[in-house]
Every structure is written in structure tokens, then in C-alpha cells.
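What follows is a short report on a single structure.
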Amino acid sequence: MEKILFDSHAHISDEAFEDEKDAFIEEIRASQLKYCMDIGSSVKTSMDCIESARKYDFCYAAVGVHPSEVEGLTESVLDGCLESYITEPKVVAVGEIGLDYHYDDGPSREEQIYWFERQIKWAVDHDAPIAIHSREADEDTMACLKRCGAFSKKRAAAFPKKPSGGDDCRVLLHCFSGSAELARQYVKLGATISLAGPVTFKNARKAVEVAEAVDMDDLLIETDSPYMAPVPMRGKVNKPVYVEYVARKIAEIKGISYEEAARKSLANACRFYGIED
Ligand SMILES: [Zn+2]
């Protein structure tokens with residue numbers, strides 16, 4: 001099977017896959033999936049992602065603390081977690097970090113912003129790619145990124161330009177849920193957009209508009225497994241191999257072949273995460 005897919009954001013260390021891990025891994029090996037980014041959301045899951053990256057050749061890791069998980073976090077524990085970006089060869093990004101204003105009972109906005117900015121600054125200081133989670137927090141997410149130098153001249157100079165000639169600041173808006181206009185603004189600043197299962201949903205106007213607005217060179221695809229399975233698997237536990245359905249939908253929207261959409265997003269993800277393909 002030719003390997004032409006990269007799931008740029010998944011939680012393959014999630015307990016949802018624990019029971020049938022061998023079959024789960026075998027299915028990936030037998031599929032068109034070449035690489036899989038296992039993304040941390042807490043200090044504990046970040047360590048699990050590192051384990052996966054050590055164990056599975058197709059797997060890379062990102063380390064970081066999600067806004068819902070910042071309660072009780074300390075500076076030294078966070079630093080210890082992020083420093084694996086320096087010490088572990090297959091840790092290639094900081095993420096997922098960001099802001100989530102969906103829940104009323106989670107960490108306060110002030111607390112979320114503090115730890116988000118702390119992690120952006122760390123990534124900027126170490127020229128590390130950043131994977132962002134932003135939910136119902138468009139304005140603050142953009143403000144934090146700008147304030148902490150994620151789109152600064154210095155940051156842009158740290159990485160080669162995009163194929164389009166624009167700045168590449170290695171900032172990834174994962175499972176992008178904003179408007180097409182916001183996506184355009186982000187790309188102009190040097191960010192990259194990632195689309196997930198929702199682009200395949202029947203009521204997915206916004207995500208489809210984003211896919212239309214953003215050039216294929218600035219687009220990644222992902223599953224965010226085990227959440228948000230794409231159509232026709234909607235409602236099931238999501239798996240990295242289902243990234244194929246996201247690629248098929250993007251191909252349909254862009255009017256290109258499935259293979260082209262898959263290969264292009266594979267190349268984009270390798271470039272973004274600095275993985276030699
Ligand atoms: Zn995620």
C-alpha cells in the first residue's frame with residue numbers, strides 16, 4: 001500500500017484505543033497512512049505521546065498543555081514537559097496549546113491565557129512549531145499569538161519561506177473553526193490551517209468555505225482521533241486511518257484528485273513539523 005497520508009493531529013495514546021492497541025496499530029500499518037502526529041494535551045499525555053513516538057516508526061509527538069488541563073500546573077513541571085522538545089528527537093512541536101471558552105466550569109480565561117502565552121513564548125524562544133487549539137476564543141487566541149511573537153519578523157526568519165513565497169511562522173490552527181476571512185488573515189500572518197472531520201459534515205458550511213479560501217499549500221488534514229469522526233464514520237470512535245475521508249472531501253472541494261490532496265497535505269505536514277519525508 002502506497003503511503004500518502006499524514007494525520008497531522010491525533011491522540012493515539014488515548015485510552016479509547018488501549019483495549020485493541022495491536023489491531024489499531026496494525027490497521028495503521030496496513031493503510032495509506034505514512035505519519036501520525038500524536039498530540040499531548042497534558043503533562044501526562046505528552047509523556048504518553050513520547051512513548052508512542054519511540055515505539056512506532058510512523059508516529060511523531062507534540063508536547064504541551066491544553067487550556068482545559070492547566071489547573072494545578074506549575075512552572076517547573078511545564079518546563080520539564082516542554083524540554084522534551086529539545087531532548088527527544090521525535091518530539092517536533094509544542095501543542096496542543098490554546099484557549100477554550102466553551103465550558104463555564106473549566107479554568108478561568110485569565111488562567112488559560114497565562115499558560116497559553118507562557119507556552120507560546122517557550123516555543124518562540126526555541127523555534128518550535130506550535131499546534132493551536134482555539135474554541136470560541138478567536139479574538140484572544142490571535143491577540144496572544146501576536147503579543148508573544150508567534151508572527152514576529154524574528155520568528156519568520158527562523159524558518160524557510162512557504163512555497164507561495166510567504167512567511168512560514170510554523171503556527172498551526174488545528175481543527176480550524178473560524179471564518180474563511182479569519183483563515184485568510186492567519187495565512188497572511190504566516191500560519192497554517194488544519195481541517196478535520198467537521199469539513200465532511202452535512203451542515204459544514206464554514207469549514208467548506210475555509211477549505212475554498214485557503215490555498216492547498218497552507219492546508220493540513222487531521223482526524224483529532226478519537227473525537228469527531230468524519231462522514232461516513234460520524235458517531236463512531238474516530239481513528240487516524242479515517243483521515244482518508246477528510247482528504248477525499250478536500251479533494252472534492254478543491255477539484256483535484258484524492259491522491260493529489262493526500263500527497264500535498266502529506267508534504268505540507270512534513271514541512272510544517274520539520275520531518276524529512
Ligand atoms: Zn486534539
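Chain labels A, B, ... are given in the sequence in which chains occur in the C-alpha cells; within each chain residues are numbered consecutively from 1, and ligands are likewise numbered from 1 in the order shown.
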Taking the DSSP assignment computed from this structure's backbone, write out as a PyMOL selection string all residues of stretch 63-265 of chain A that belong to strand (DSSP E).
chain A and resi 63+91-100+130-135+171-173+191-195+219-221
Applying 6 Å and only C-alpha atoms, which residues near stretch 42-56 of chain A remain after dropping the ones on its own chain fewer than 6 positions away? List them as a ChimeraX atom specification.
/A:63,65,69
One number please: atom CA of A:Asp19 to atom CA of A:Asp38, in Å, one decimal.
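The value is 17.8 Å.
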Counting only C-alpha atoms and all ligand atoms, which of A:Ser179, A:Ser41, A:Gln112, A:Ser31 gets nearest to ligand 1?
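Of all the options, A:Ser41 lies closest to ligand 1.
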What residues of the protein or nucleic acid chains come within 8 Å of ligand 1 when you use only C-alpha atoms and all ligand atoms? Reply as a PDB file with C-alpha atoms, in the first residue's frame.
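Saved as part_11.pdb:
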```pdb
ATOM      1  CA  HIS A   9      -3.303  15.835  14.802  1.00  0.00           C
ATOM      2  CA  ALA A  10      -4.460  12.726  16.660  1.00  0.00           C
ATOM      3  CA  HIS A  11      -4.497  11.360  20.173  1.00  0.00           C
ATOM      4  CA  ILE A  39      -0.522  15.383  20.292  1.00  0.00           C
ATOM      5  CA  GLY A  40      -0.230  15.923  24.033  1.00  0.00           C
ATOM      6  CA  SER A  41      -2.928  17.738  25.970  1.00  0.00           C
ATOM      7  CA  GLU A  96      -1.858  21.392  21.736  1.00  0.00           C
ATOM      8  CA  HIS A 133      -6.449  24.700  19.915  1.00  0.00           C
ATOM      9  CA  HIS A 174      -5.810  22.797  14.409  1.00  0.00           C
ATOM     10  CA  ASP A 224      -8.316  14.672  16.093  1.00  0.00           C
ATOM     11  CA  SER A 225      -8.970  10.990  16.927  1.00  0.00           C
TER      12      SER A 225
END
```
Minimum-distance residue to A:Arg109, chosen among A:Pro89, A:Gly95, A:Gly72, A:Pro67 (using only C-alpha atoms):
A:Pro67
Test item: residues at most 12 Å from A:Gly235, only C-alpha atoms, excluding those fewer than 3 positions along its chain, as a list of chain:residue names
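Neighbouring residues, sequence-local ones excluded: A:Gly197, A:Pro198, A:Phe201, A:Ser225, A:Pro226, A:Tyr227, A:Met228, A:Ala229, A:Pro230, A:Val231, A:Pro232, A:Asn238, A:Lys239.
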Between A:Ala157, A:Leu5, A:Val214, A:Met142, which has the minimum distance to A:Cys169 (counting only C-alpha atoms)?
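Ranked by minimum distance to A:Cys169, first place goes to A:Ala157.
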